[in-house]
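Take a look at the structure below.
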Amino acid sequence: SNARDADILFEAPGGGVFRFEIINTRKENKPFREGFGLRSMRERIESAGGQLDILAYEDRFIVRGTLSMVKKGEVEA
């Protein structure tokens with residue numbers, strides 16, 4: 001995006017999962033195509049057992065993801 005500002009949220013409710021959300025405004029409503037940077041981000045998050053959602057609306061672009069904070073084989077307290 002050509003936007004200079006973004007709203008960023010990081011949270012870890014209950015300590016079991018890490019969530020993030022980045023929202024940029026969109027100046028142009030052009031078709032969206034996932035490029036190298038976002039594709040690499042998705043691959044890394046999914047390989048760690050997380051999820052990445054990328055949403056493009058008329059006036060905003062959102063990247064939202066979750067990652068478990070519990071290691072495989074570890075029991076959550």
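Scheme for the structure tokens: letters A, B, ... for chains in order shown; per-chain residue numbers from 1; ligand numbers from 1 in order shown.
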
* To do: Run DSSP on the backbone and give me the residues of chain A it puts in strand (DSSP E), as a ChimeraX atom specification.
  => /A:6-11,17-25,51-56,60-68

* Got a sec: who's within 6 Å of segment 22-26 of chain A, counting only C-alpha atoms, leaving out chain neighbours fewer than 4 positions off, as a PyMOL selection string? -> chain A and resi 6-8+59-63

* Residue nearest Lys27 of chain A - candidates A:Ala12, A:Met41, A:Ala56, A:Ala48, atoms counted: only C-alpha atoms ->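 Distance minimum relative to Lys27 of chain A lands on A:Ala56.
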
* Find the residues around Leu67 of chain A up to 12 Å (only C-alpha atoms counted), leave out those fewer than 6 positions away in its own chain, and share them as a PyMOL selection string. => chain A and resi 10-13+15-20+42+44-52

* **Å distance separating atom CA of Asp5 of chain A from atom CA of Glu21 of chain A, one decimal place** =>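 Value for the atom CA of Asp5 of chain A-atom CA of Glu21 of chain A distance: 13.7 Å.
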
* Please report, as a count of residues only, each residue of chain A to which DSSP assigns alpha helix (DSSP H) when run on this structure's backbone. => 12

* Two-atom distance - atom CA of Ile54 of chain A, atom CA of Arg39 of chain A (Å) ->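 According to the coordinates, atom CA of Ile54 of chain A and atom CA of Arg39 of chain A are separated by 10.2 Å.
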
* **One-decimal distance in Å that lies between atom CA of Pro31 of chain A and atom CA of Asp53 of chain A** =>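 Straight-line distance from atom CA of Asp53 of chain A to atom CA of Pro31 of chain A works out to 16.5 Å.
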